[in-house]
file work.tsv (TSV, C-alpha atoms and all ligand atoms)
chain	number	residue	atom	x	y	z
A	1	PHE	CA	-15.57	-13.45	59.77
A	2	LYS	CA	-15.25	-9.77	59.04
A	3	ILE	CA	-12.59	-8.21	56.84
A	4	ASN	CA	-11.02	-4.87	57.64
A	5	MET	CA	-8.36	-2.73	56.05
A	6	ASP	CA	-5.72	-3.36	58.77
A	7	GLU	CA	-5.46	-6.97	57.69
A	8	ILE	CA	-4.98	-6.13	54.05
A	9	GLU	CA	-1.83	-5.63	52.01
A	10	VAL	CA	-2.31	-4.02	48.60
A	11	LEU	CA	-0.29	-5.76	45.89
A	12	GLY	CA	-1.16	-3.85	42.74
A	13	GLU	CA	-3.94	-2.49	40.55
A	14	LEU	CA	-6.05	-4.86	38.46
A	15	GLY	CA	-8.08	-2.24	36.68
A	16	LYS	CA	-10.21	0.85	36.81
A	17	GLY	CA	-13.88	1.20	36.10
A	18	ASN	CA	-16.29	4.08	35.94
A	19	TYR	CA	-16.87	4.15	39.68
A	20	GLY	CA	-13.56	3.20	41.19
A	21	SER	CA	-10.68	0.81	40.97
A	22	VAL	CA	-9.93	-2.82	41.71
A	23	HIS	CA	-6.75	-3.89	43.48
A	24	LYS	CA	-5.16	-7.24	44.07
A	25	VAL	CA	-4.69	-7.58	47.80
A	26	PHE	CA	-3.43	-10.11	50.30
A	27	HIS	CA	-5.56	-10.87	53.34
A	28	ARG	CA	-3.09	-11.80	56.07
A	29	PRO	CA	-5.34	-13.64	58.56
A	30	THR	CA	-6.57	-16.10	55.95
A	31	ASN	CA	-3.56	-16.11	53.64
A	32	VAL	CA	-5.86	-15.49	50.69
A	33	GLU	CA	-5.23	-13.28	47.68
A	34	MET	CA	-8.32	-11.25	46.92
A	35	ALA	CA	-9.57	-8.61	44.55
A	36	MET	CA	-10.70	-5.48	46.38
A	37	LYS	CA	-13.01	-3.04	44.67
A	38	GLU	CA	-13.14	0.53	45.88
A	39	ILE	CA	-16.28	2.49	45.12
A	40	ARG	CA	-16.30	6.17	45.98
A	41	LEU	CA	-19.73	7.41	47.02
A	42	GLU	CA	-20.83	10.70	48.46
A	43	LEU	CA	-23.28	9.29	50.95
A	44	ASP	CA	-24.00	9.64	54.65
A	45	GLU	CA	-23.09	6.90	57.07
A	46	SER	CA	-26.54	5.38	57.37
A	47	LYS	CA	-26.82	4.97	53.60
A	48	LEU	CA	-23.33	3.43	53.45
A	49	ASN	CA	-24.28	0.99	56.20
A	50	GLY	CA	-27.44	0.19	54.28
A	51	ILE	CA	-25.33	-0.79	51.31
A	52	ILE	CA	-23.10	-3.02	53.44
A	53	MET	CA	-26.20	-4.74	54.78
A	54	GLU	CA	-27.63	-5.25	51.30
A	55	LEU	CA	-24.34	-6.65	50.08
A	56	ASP	CA	-24.64	-9.31	52.75
A	57	ILE	CA	-26.91	-11.42	50.55
A	58	LEU	CA	-23.81	-11.99	48.43
A	59	HIS	CA	-22.78	-14.55	51.02
A	60	ARG	CA	-25.60	-16.67	49.60
A	61	ALA	CA	-24.37	-16.21	46.03
A	62	VAL	CA	-22.30	-19.36	46.02
A	63	ALA	CA	-22.15	-21.11	42.66
A	64	PRO	CA	-19.42	-22.30	40.31
A	65	GLU	CA	-20.26	-19.49	37.87
A	66	ILE	CA	-20.29	-16.65	40.41
A	67	VAL	CA	-17.23	-14.87	41.78
A	68	GLU	CA	-17.03	-15.57	45.49
A	69	PHE	CA	-17.74	-12.72	47.89
A	70	TYR	CA	-15.58	-12.41	51.00
A	71	GLY	CA	-16.91	-9.28	52.65
A	72	ALA	CA	-17.36	-5.53	52.47
A	73	PHE	CA	-16.61	-2.55	54.69
A	74	THR	CA	-16.61	1.23	54.46
A	75	ILE	CA	-13.97	3.84	55.15
A	76	GLU	CA	-15.06	7.44	55.01
A	77	SER	CA	-17.21	7.69	51.90
A	78	CYS	CA	-15.83	4.58	50.18
A	79	VAL	CA	-17.26	1.11	50.00
A	80	TYR	CA	-14.64	-1.63	49.83
A	81	TYR	CA	-15.73	-4.94	48.50
A	82	CYS	CA	-13.54	-8.04	48.68
A	83	MET	CA	-14.02	-10.93	46.27
A	84	GLU	CA	-12.29	-13.91	44.78
A	85	TYR	CA	-9.23	-12.95	42.75
A	86	MET	CA	-9.51	-14.24	39.19
A	87	ASP	CA	-5.97	-14.59	37.91
A	88	ALA	CA	-6.66	-14.34	34.18
A	89	GLY	CA	-8.73	-11.17	34.42
A	90	SER	CA	-11.80	-10.28	32.40
A	91	LEU	CA	-12.88	-11.49	28.97
A	92	ASP	CA	-12.35	-8.15	27.25
A	93	THR	CA	-8.59	-8.20	27.71
A	94	LEU	CA	-8.26	-11.90	26.88
A	95	THR	CA	-9.45	-11.55	23.32
A	96	GLY	CA	-9.55	-7.86	22.54
A	97	GLY	CA	-7.44	-5.87	20.16
A	98	GLY	CA	-6.74	-8.15	17.20
A	99	VAL	CA	-3.51	-10.08	17.50
A	100	LEU	CA	-1.60	-11.64	14.65
A	101	ALA	CA	-2.78	-15.11	13.79
A	102	LYS	CA	0.03	-17.48	14.45
A	103	ASP	CA	0.13	-21.11	15.33
A	104	GLN	CA	-3.58	-21.60	14.90
A	105	LYS	CA	-4.33	-25.23	15.23
A	106	GLU	CA	-7.54	-24.93	17.18
A	107	ASP	CA	-10.18	-27.57	16.68
A	108	GLY	CA	-13.73	-27.12	15.51
A	109	ALA	CA	-13.94	-23.54	14.44
A	110	GLY	CA	-12.05	-24.08	11.18
A	111	VAL	CA	-9.82	-21.10	11.52
A	112	THR	CA	-9.19	-19.32	8.27
A	113	GLY	CA	-5.63	-18.25	8.89
A	114	GLY	CA	-4.25	-14.91	7.94
A	115	ASP	CA	-6.88	-12.53	9.26
A	116	ALA	CA	-6.01	-10.05	11.92
A	117	ALA	CA	-7.41	-11.54	15.10
A	118	GLU	CA	-6.92	-14.85	16.83
A	119	ARG	CA	-10.30	-16.52	16.56
A	120	VAL	CA	-11.95	-17.84	19.69
A	121	PRO	CA	-12.67	-21.50	18.91
A	122	GLU	CA	-16.35	-22.39	18.93
A	123	GLY	CA	-15.89	-24.86	21.79
A	124	VAL	CA	-14.43	-22.12	23.98
A	125	LEU	CA	-17.11	-19.62	22.97
A	126	ARG	CA	-19.74	-22.21	23.81
A	127	ARG	CA	-18.25	-23.06	27.21
A	128	ILE	CA	-18.05	-19.38	28.16
A	129	THR	CA	-21.62	-18.78	27.01
A	130	ALA	CA	-22.90	-21.82	28.92
A	131	SER	CA	-21.19	-20.61	32.10
A	132	MET	CA	-22.67	-17.15	31.74
A	133	ILE	CA	-26.18	-18.51	31.23
A	134	ARG	CA	-25.90	-20.91	34.17
A	135	GLY	CA	-24.62	-18.09	36.38
A	136	LEU	CA	-27.46	-15.78	35.36
A	137	LYS	CA	-30.02	-18.54	35.86
A	138	PHE	CA	-28.63	-19.15	39.34
A	139	LEU	CA	-28.93	-15.46	40.23
A	140	LYS	CA	-32.50	-15.38	39.02
A	141	ASP	CA	-33.71	-18.69	40.47
A	142	GLU	CA	-31.86	-18.68	43.78
A	143	LEU	CA	-31.51	-14.98	44.61
A	144	GLN	CA	-34.36	-13.52	42.54
A	145	ILE	CA	-32.09	-10.91	41.02
A	146	MET	CA	-31.17	-9.93	37.52
A	147	HIS	CA	-27.57	-9.03	36.77
A	148	ARG	CA	-28.10	-5.59	35.16
A	149	ASP	CA	-24.50	-5.17	34.04
A	150	VAL	CA	-23.58	-8.11	31.84
A	151	LYS	CA	-20.54	-7.18	29.73
A	152	PRO	CA	-17.10	-8.63	29.01
A	153	THR	CA	-15.37	-6.75	31.86
A	154	ASN	CA	-17.77	-8.38	34.31
A	155	VAL	CA	-17.04	-11.92	33.13
A	156	LEU	CA	-13.90	-13.10	34.87
A	157	ILE	CA	-11.75	-16.09	34.18
A	158	ASN	CA	-8.92	-17.90	35.92
A	159	LYS	CA	-6.06	-20.13	34.87
A	160	LYS	CA	-8.06	-23.19	35.88
A	161	GLY	CA	-10.38	-22.22	33.03
A	162	GLU	CA	-13.29	-21.30	35.29
A	163	ILE	CA	-15.62	-18.56	34.08
A	164	LYS	CA	-17.49	-16.49	36.64
A	165	LEU	CA	-19.74	-13.44	36.77
A	166	CYS	CA	-19.22	-10.43	39.02
A	167	ASP	CA	-20.72	-6.98	39.62
A	168	PHE	CA	-24.37	-7.94	39.55
A	169	GLY	CA	-26.98	-5.68	41.09
A	170	VAL	CA	-27.63	-6.92	44.61
A	171	SER	CA	-27.88	-3.58	46.33
A	172	GLY	CA	-30.71	-1.26	45.35
A	173	GLN	CA	-29.09	1.54	47.30
A	174	LEU	CA	-25.75	1.06	45.57
A	175	GLU	CA	-27.39	1.03	42.13
A	176	LYS	CA	-29.23	4.23	42.94
A	177	SER	CA	-26.05	5.93	44.10
A	178	LEU	CA	-23.96	5.11	41.07
A	179	ALA	CA	-24.40	7.77	38.44
A	180	LYS	CA	-27.34	6.87	36.24
A	181	THR	CA	-26.03	9.02	33.45
A	182	ASN	CA	-23.63	6.32	32.43
A	183	ILE	CA	-25.17	4.90	29.27
A	184	GLY	CA	-21.62	5.48	27.98
A	185	CYS	CA	-20.13	4.94	24.58
A	186	GLN	CA	-19.98	1.16	24.91
A	187	SER	CA	-23.47	0.23	25.89
A	188	TYR	CA	-24.45	-3.37	26.45
A	189	MET	CA	-27.96	-2.30	27.36
A	190	ALA	CA	-30.86	-3.82	25.48
A	191	PRO	CA	-32.87	-1.55	23.16
A	192	GLU	CA	-35.87	-1.48	25.50
A	193	ARG	CA	-33.62	-0.48	28.37
A	194	ILE	CA	-31.93	2.29	26.43
A	195	LYS	CA	-35.37	3.57	25.50
A	196	SER	CA	-36.54	3.47	29.08
A	197	GLU	CA	-33.40	5.10	30.52
A	198	THR	CA	-33.18	7.85	27.93
A	199	ALA	CA	-36.86	8.66	28.39
A	200	ASN	CA	-36.21	8.86	32.13
A	201	GLN	CA	-39.10	6.55	32.81
A	202	ASN	CA	-39.28	4.08	35.59
A	203	PRO	CA	-37.31	1.08	34.43
A	204	THR	CA	-39.56	-1.37	32.64
A	205	TYR	CA	-36.99	-3.91	31.56
A	206	THR	CA	-36.65	-7.44	32.91
A	207	VAL	CA	-34.23	-10.38	32.92
A	208	SER	CA	-34.54	-10.66	29.16
A	209	SER	CA	-32.50	-7.47	28.94
A	210	ASP	CA	-29.60	-9.41	30.41
A	211	VAL	CA	-30.07	-11.98	27.64
A	212	TRP	CA	-29.45	-9.22	25.08
A	213	SER	CA	-26.27	-8.24	26.90
A	214	VAL	CA	-25.09	-11.86	26.79
A	215	GLY	CA	-25.59	-11.90	23.01
A	216	LEU	CA	-23.63	-8.70	22.58
A	217	SER	CA	-20.83	-9.93	24.85
A	218	ILE	CA	-20.49	-13.18	22.91
A	219	ILE	CA	-20.15	-11.29	19.65
A	220	GLU	CA	-17.54	-9.01	21.19
A	221	LEU	CA	-15.64	-12.04	22.40
A	222	ALA	CA	-15.72	-13.60	18.93
A	223	LYS	CA	-14.85	-10.39	17.08
A	224	GLY	CA	-12.34	-9.04	19.55
A	225	CYS	CA	-14.04	-5.66	19.61
A	226	TYR	CA	-17.28	-3.97	20.63
A	227	PRO	CA	-19.94	-4.82	18.00
A	228	TYR	CA	-21.06	-1.21	17.40
A	229	PRO	CA	-17.65	0.27	16.60
A	230	PRO	CA	-17.46	3.93	17.68
A	231	GLU	CA	-15.72	5.00	14.45
A	232	THR	CA	-18.89	4.08	12.53
A	233	TYR	CA	-21.01	6.59	14.42
A	234	SER	CA	-20.50	10.31	14.70
A	235	ASN	CA	-21.56	10.38	18.35
A	236	VAL	CA	-22.90	8.35	21.23
A	237	PHE	CA	-26.44	9.31	20.35
A	238	ALA	CA	-26.08	7.84	16.86
A	239	GLN	CA	-24.61	4.68	18.36
A	240	LEU	CA	-27.51	4.26	20.77
A	241	GLN	CA	-29.90	4.90	17.89
A	242	ALA	CA	-28.27	2.07	15.98
A	243	ILE	CA	-28.82	-0.28	18.93
A	244	VAL	CA	-32.46	0.75	19.26
A	245	ASN	CA	-33.40	1.00	15.57
A	246	GLY	CA	-30.80	-0.90	13.58
A	247	ALA	CA	-30.46	-4.58	12.80
A	248	PRO	CA	-28.74	-6.49	15.60
A	249	PRO	CA	-25.08	-7.43	15.07
A	250	THR	CA	-24.01	-10.95	14.15
A	251	LEU	CA	-21.05	-13.23	14.77
A	252	PRO	CA	-18.05	-12.96	12.45
A	253	PRO	CA	-17.90	-15.69	9.78
A	254	GLY	CA	-16.74	-19.18	10.65
A	255	TYR	CA	-19.11	-20.15	13.45
A	256	SER	CA	-21.75	-22.85	13.20
A	257	ASP	CA	-25.42	-22.33	12.35
A	258	ASP	CA	-26.27	-23.27	15.94
A	259	ALA	CA	-23.99	-20.55	17.28
A	260	ASN	CA	-25.48	-18.00	14.90
A	261	ASP	CA	-29.01	-19.00	15.77
A	262	PHE	CA	-28.27	-18.79	19.49
A	263	VAL	CA	-26.88	-15.28	19.20
A	264	ALA	CA	-29.75	-14.15	16.96
A	265	LYS	CA	-32.26	-15.35	19.58
A	266	CYS	CA	-30.46	-13.46	22.36
A	267	LEU	CA	-30.51	-10.34	20.21
A	268	MET	CA	-34.18	-10.33	19.25
A	269	LYS	CA	-35.22	-6.68	19.35
A	270	ASP	CA	-38.50	-7.57	21.08
A	271	PRO	CA	-37.60	-8.67	24.63
A	272	ASN	CA	-40.61	-10.99	24.76
A	273	GLN	CA	-39.21	-13.01	21.89
A	274	ARG	CA	-35.91	-13.71	23.63
A	275	PRO	CA	-35.66	-17.19	25.16
A	276	THR	CA	-35.57	-17.82	28.91
A	277	TYR	CA	-32.41	-19.16	30.51
A	278	ALA	CA	-33.93	-22.65	30.67
A	279	GLN	CA	-34.69	-22.47	26.95
A	280	LEU	CA	-31.20	-21.20	26.17
A	281	LEU	CA	-29.65	-24.11	28.06
A	282	GLU	CA	-31.73	-26.44	25.86
A	283	HIS	CA	-30.54	-24.76	22.68
A	284	PRO	CA	-28.42	-27.09	20.49
A	285	PHE	CA	-25.50	-24.67	20.77
A	286	LEU	CA	-25.29	-25.16	24.54
A	287	VAL	CA	-26.47	-28.78	24.63
A	288	ALA	CA	-23.37	-29.58	22.60
A	289	ASP	CA	-21.26	-28.19	25.46
A	290	LYS	CA	-22.38	-30.86	27.91
A	291	ASP	CA	-20.04	-33.64	26.89
A	292	ALA	CA	-17.61	-31.64	24.82
A	293	GLU	CA	-13.96	-31.74	25.74
A	294	VAL	CA	-12.70	-28.19	25.75
A	295	ASP	CA	-9.16	-27.32	26.74
A	296	MET	CA	-10.03	-24.14	28.63
A	297	VAL	CA	-6.80	-24.27	30.63
A	298	GLY	CA	-4.75	-24.32	27.42
A	299	TRP	CA	-6.83	-21.60	25.81
A	300	VAL	CA	-6.49	-19.29	28.82
A	301	ALA	CA	-2.73	-19.88	28.96
A	302	ALA	CA	-2.36	-19.08	25.26
A	303	ALA	CA	-4.61	-16.03	25.54
A	304	LEU	CA	-2.55	-14.75	28.47
A	305	ASP	CA	0.63	-15.18	26.42
A	306	ARG	CA	-0.87	-13.20	23.57
A	307	ARG	CA	-1.98	-10.52	25.99
A	308	ALA	CA	1.50	-10.29	27.44
A	309	ALA	CA	2.90	-10.03	23.91
A	310	ARG	CA	0.65	-7.03	23.39
A	311	GLY	CA	2.24	-5.49	26.44
A	312	ILE	CA	-0.86	-5.68	28.62
A	313	SER	CA	-0.16	-6.90	32.11
A	314	THR	CA	-2.70	-8.20	34.57
A	315	LEU	CA	-1.28	-6.27	37.46
A	316	ASN	CA	-0.12	-2.66	37.45
A	317	PRO	CA	2.00	-0.96	40.07
A	318	ILE	CA	0.01	0.93	42.68
A	319	GLN	CA	-0.55	4.55	41.91
A	320	ALA	CA	-0.20	7.08	44.67
A	401	LIG	P1	-17.71	-0.59	35.26
A	401	LIG	O1	-17.14	0.45	36.14
A	401	LIG	O2	-18.62	-0.03	34.23
A	401	LIG	O3	-18.31	-1.72	36.03
A	401	LIG	P2	-15.47	-2.34	34.80
A	401	LIG	O4	-16.21	-3.61	35.02
A	401	LIG	O5	-14.39	-2.39	33.78
A	401	LIG	O6	-16.47	-1.20	34.39
A	401	LIG	P3	-14.54	-2.51	37.50
A	401	LIG	O7	-15.66	-3.40	37.88
A	401	LIG	O8	-14.16	-1.44	38.46
A	401	LIG	O9	-14.84	-1.79	36.13
A	401	LIG	O10	-13.29	-3.43	37.22
A	401	LIG	C1	-12.08	-2.94	36.69
A	401	LIG	C2	-11.26	-4.09	36.13
A	401	LIG	O11	-10.72	-4.86	37.19
A	401	LIG	C3	-12.08	-5.07	35.29
A	401	LIG	O12	-12.07	-4.68	33.95
A	401	LIG	C4	-11.38	-6.39	35.50
A	401	LIG	O13	-10.46	-6.62	34.46
A	401	LIG	C5	-10.62	-6.21	36.82
A	401	LIG	N1	-11.25	-7.04	37.88
A	401	LIG	C6	-12.41	-6.79	38.51
A	401	LIG	N2	-12.70	-7.71	39.43
A	401	LIG	C7	-11.68	-8.62	39.40
A	401	LIG	C8	-11.40	-9.85	40.10
A	401	LIG	N3	-12.23	-10.34	41.04
A	401	LIG	N4	-10.27	-10.52	39.79
A	401	LIG	C9	-9.44	-10.04	38.83
A	401	LIG	N5	-9.65	-8.91	38.12
A	401	LIG	C10	-10.75	-8.19	38.39
A	402	MG	MG	-16.86	-4.59	36.70

call {"tool": "encode", "arguments": {"input": "work.tsv", "output": "structure tokens", "more": "lines below"}}
Ligand code: ATP
Ligand code: MG
result
Amino acid sequence: FKINMDEIEVLGELGKGNYGSVHKVFHRPTNVEMAMKEIRLELDESKLNGIIMELDILHRAVAPEIVEFYGAFTIESCVYYCMEYMDAGSLDTLTGGGVLAKDQKEDGAGVTGGDAAERVPEGVLRRITASMIRGLKFLKDELQIMHRDVKPTNVLINKKGEIKLCDFGVSGQLEKSLAKTNIGCQSYMAPERIKSETANQNPTYTVSSDVWSVGLSIIELAKGCYPYPPETYSNVFAQLQAIVNGAPPTLPPGYSDDANDFVAKCLMKDPNQRPTYAQLLEHPFLVADKDAEVDMVGWVAAALDRRAARGISTLNPIQA
């Protein structure tokens, strides 16, 4: 079926990105709550239709680790893109911004109480990582695409404890149209990709660049903040330099050797040295996830409580 705006009721704003905003909406004909992304593009109609056609392959992107796609349409120069609503939001807001450690009786990770942020237990970190890798492997093996934009805001989670990827690069036309100048102040791009983009060369990076971004995202999740903190660098250029030339970041203390080794392998500076997805799934860190019991539902519920305590809501009133 096709979705159009007449059938949609906007419920509130879920967030804003660099290219537009995401709203929670209700689709009346199907009775389904959805997330609707609005992307403003200054393009002629044929290009916009091209994008809609390219987005169609998303109907084949059906996997437990991929946010479901419902449909897309255009109005004037905007592309609207409807997807599964993930009711716990994205990973960045679930762990970010150091909260007071209270009531920490998590298993495994051996929480050393008293420090500023609530530590993500290793079991949870592992489950999230495993989901991300399986999702990326699916995209590569089944759809022959790389993600291109792996970062905590593009890893969504719901109260059932499911972890799913969104915003991967399916449409060449859409990628081209989004401002390329956006190597912003929080870059998850691999060193080789930063080099290639800043030199304005044709992109030479491959899937292993996504592996770097996974490593960086895991560290951010564990630390509760972006691993190259802006206050350390006088400007964006210096920050990018640190990514390209500096030693890669590491997990905060308290995680296992396997976890540390996994992250170090993802963050090898030489892309050829980074493992493939199949190899990463065989890594002891992720193998241990297979028959581990992890209370994701409980962790998400607790994380949502902490987020609410920080005054961050999942849904904001609609702005005119
Ligand atoms: P960028 O513009 O660089 O991609 P971004 O990922 O933060 O950054 P958007 O993709 O526009 O920007 O998303 C904005 C916010 O909306 C996200 O941070 C996320 O928290 C929320 N969001 C996006 N998609 C969904 C969804 N399907 N369900 C629930 N929340 C969502
Ligand atoms: Mg996004």

call {"tool": "residues_around", "arguments": {"input": "work.tsv", "residues": "Leu174 of chain A", "least_positions_apart": "4", "cutoff": "10 Å", "atoms": "all atoms listed in the file", "output": "PyMOL selection string"}}
result
chain A and resi 39+41+47-48+50-52+54-55+79+169-170+178-179

call {"tool": "closest_residue", "arguments": {"input": "work.tsv", "among": "A:Val150, A:Pro271, A:His59, A:Gln279", "to": "Leu216 of chain A", "atoms": "all atoms listed in the file"}}
result
A:Val150

call {"tool": "closest_residue", "arguments": {"input": "work.tsv", "among": "A:Lys176, A:Lys24, A:Lys151, A:Arg60", "to": "ligand MG 402 (chain A)", "atoms": "all atoms listed in the file"}}
result
A:Lys151

call {"tool": "residues_near_ligand", "arguments": {"input": "work.tsv", "ligand": "ligand LIG 401 (chain A)", "cutoff": "10 Å", "atoms": "only C-alpha atoms and all ligand atoms", "output": "count of residues only"}}
result
59

call {"tool": "closest_residue", "arguments": {"input": "work.tsv", "among": "A:Asp6, A:Glu220, A:Ile312, A:Gly172", "to": "Met53 of chain A", "atoms": "all atoms listed in the file"}}
result
A:Gly172

call {"tool": "residues_near_point", "arguments": {"input": "work.tsv", "point": "(-33.0, 1.8, 32.1)", "cutoff": "12 Å", "atoms": "all atoms listed in the file", "output": "PDB file with C-alpha atoms, in the coordinates of the input"}}
result
ATOM      1  CA  ARG A 148     -28.100  -5.590  35.160  1.00  0.00           C
ATOM      2  CA  ASP A 149     -24.500  -5.170  34.040  1.00  0.00           C
ATOM      3  CA  GLU A 175     -27.390   1.030  42.130  1.00  0.00           C
ATOM      4  CA  LYS A 176     -29.230   4.230  42.940  1.00  0.00           C
ATOM      5  CA  LYS A 180     -27.340   6.870  36.240  1.00  0.00           C
ATOM      6  CA  THR A 181     -26.030   9.020  33.450  1.00  0.00           C
ATOM      7  CA  ASN A 182     -23.630   6.320  32.430  1.00  0.00           C
ATOM      8  CA  ILE A 183     -25.170   4.900  29.270  1.00  0.00           C
ATOM      9  CA  SER A 187     -23.470   0.230  25.890  1.00  0.00           C
ATOM     10  CA  TYR A 188     -24.450  -3.370  26.450  1.00  0.00           C
ATOM     11  CA  MET A 189     -27.960  -2.300  27.360  1.00  0.00           C
ATOM     12  CA  ALA A 190     -30.860  -3.820  25.480  1.00  0.00           C
ATOM     13  CA  PRO A 191     -32.870  -1.550  23.160  1.00  0.00           C
ATOM     14  CA  GLU A 192     -35.870  -1.480  25.500  1.00  0.00           C
ATOM     15  CA  ARG A 193     -33.620  -0.480  28.370  1.00  0.00           C
ATOM     16  CA  ILE A 194     -31.930   2.290  26.430  1.00  0.00           C
ATOM     17  CA  LYS A 195     -35.370   3.570  25.500  1.00  0.00           C
ATOM     18  CA  SER A 196     -36.540   3.470  29.080  1.00  0.00           C
ATOM     19  CA  GLU A 197     -33.400   5.100  30.520  1.00  0.00           C
ATOM     20  CA  THR A 198     -33.180   7.850  27.930  1.00  0.00           C
ATOM     21  CA  ALA A 199     -36.860   8.660  28.390  1.00  0.00           C
ATOM     22  CA  ASN A 200     -36.210   8.860  32.130  1.00  0.00           C
ATOM     23  CA  GLN A 201     -39.100   6.550  32.810  1.00  0.00           C
ATOM     24  CA  ASN A 202     -39.280   4.080  35.590  1.00  0.00           C
ATOM     25  CA  PRO A 203     -37.310   1.080  34.430  1.00  0.00           C
ATOM     26  CA  THR A 204     -39.560  -1.370  32.640  1.00  0.00           C
ATOM     27  CA  TYR A 205     -36.990  -3.910  31.560  1.00  0.00           C
ATOM     28  CA  THR A 206     -36.650  -7.440  32.910  1.00  0.00           C
ATOM     29  CA  SER A 209     -32.500  -7.470  28.940  1.00  0.00           C
ATOM     30  CA  ASP A 210     -29.600  -9.410  30.410  1.00  0.00           C
TER      31      ASP A 210
END

call {"tool": "closest_residue", "arguments": {"input": "work.tsv", "among": "A:Phe262, A:Tyr80, A:Phe26, A:Phe285", "to": "Val211 of chain A", "atoms": "only C-alpha atoms"}}
result
A:Phe262

call {"tool": "residues_around", "arguments": {"input": "work.tsv", "residues": "Lys160 of chain A", "least_positions_apart": "4", "cutoff": "9 Å", "atoms": "all atoms listed in the file", "output": "mmCIF file with C-alpha atoms, in the frame of the given file"}}
result
data_model
loop_
_atom_site.group_PDB
_atom_site.id
_atom_site.type_symbol
_atom_site.label_atom_id
_atom_site.label_comp_id
_atom_site.auth_asym_id
_atom_site.auth_seq_id
_atom_site.Cartn_x
_atom_site.Cartn_y
_atom_site.Cartn_z
ATOM 1 C CA MET A 296 -10.030 -24.140 28.630
ATOM 2 C CA VAL A 297 -6.800 -24.270 30.630
ATOM 3 C CA VAL A 300 -6.490 -19.290 28.820
#

call {"tool": "atom_distance", "arguments": {"input": "work.tsv", "atom1": "atom CA of Leu58 of chain A", "atom2": "atom CA of Tyr70 of chain A"}}
result
8.6 Å

call {"tool": "atom_distance", "arguments": {"input": "work.tsv", "atom1": "atom CA of Leu221 of chain A", "atom2": "atom CA of Glu162 of chain A"}}
result
16.0 Å
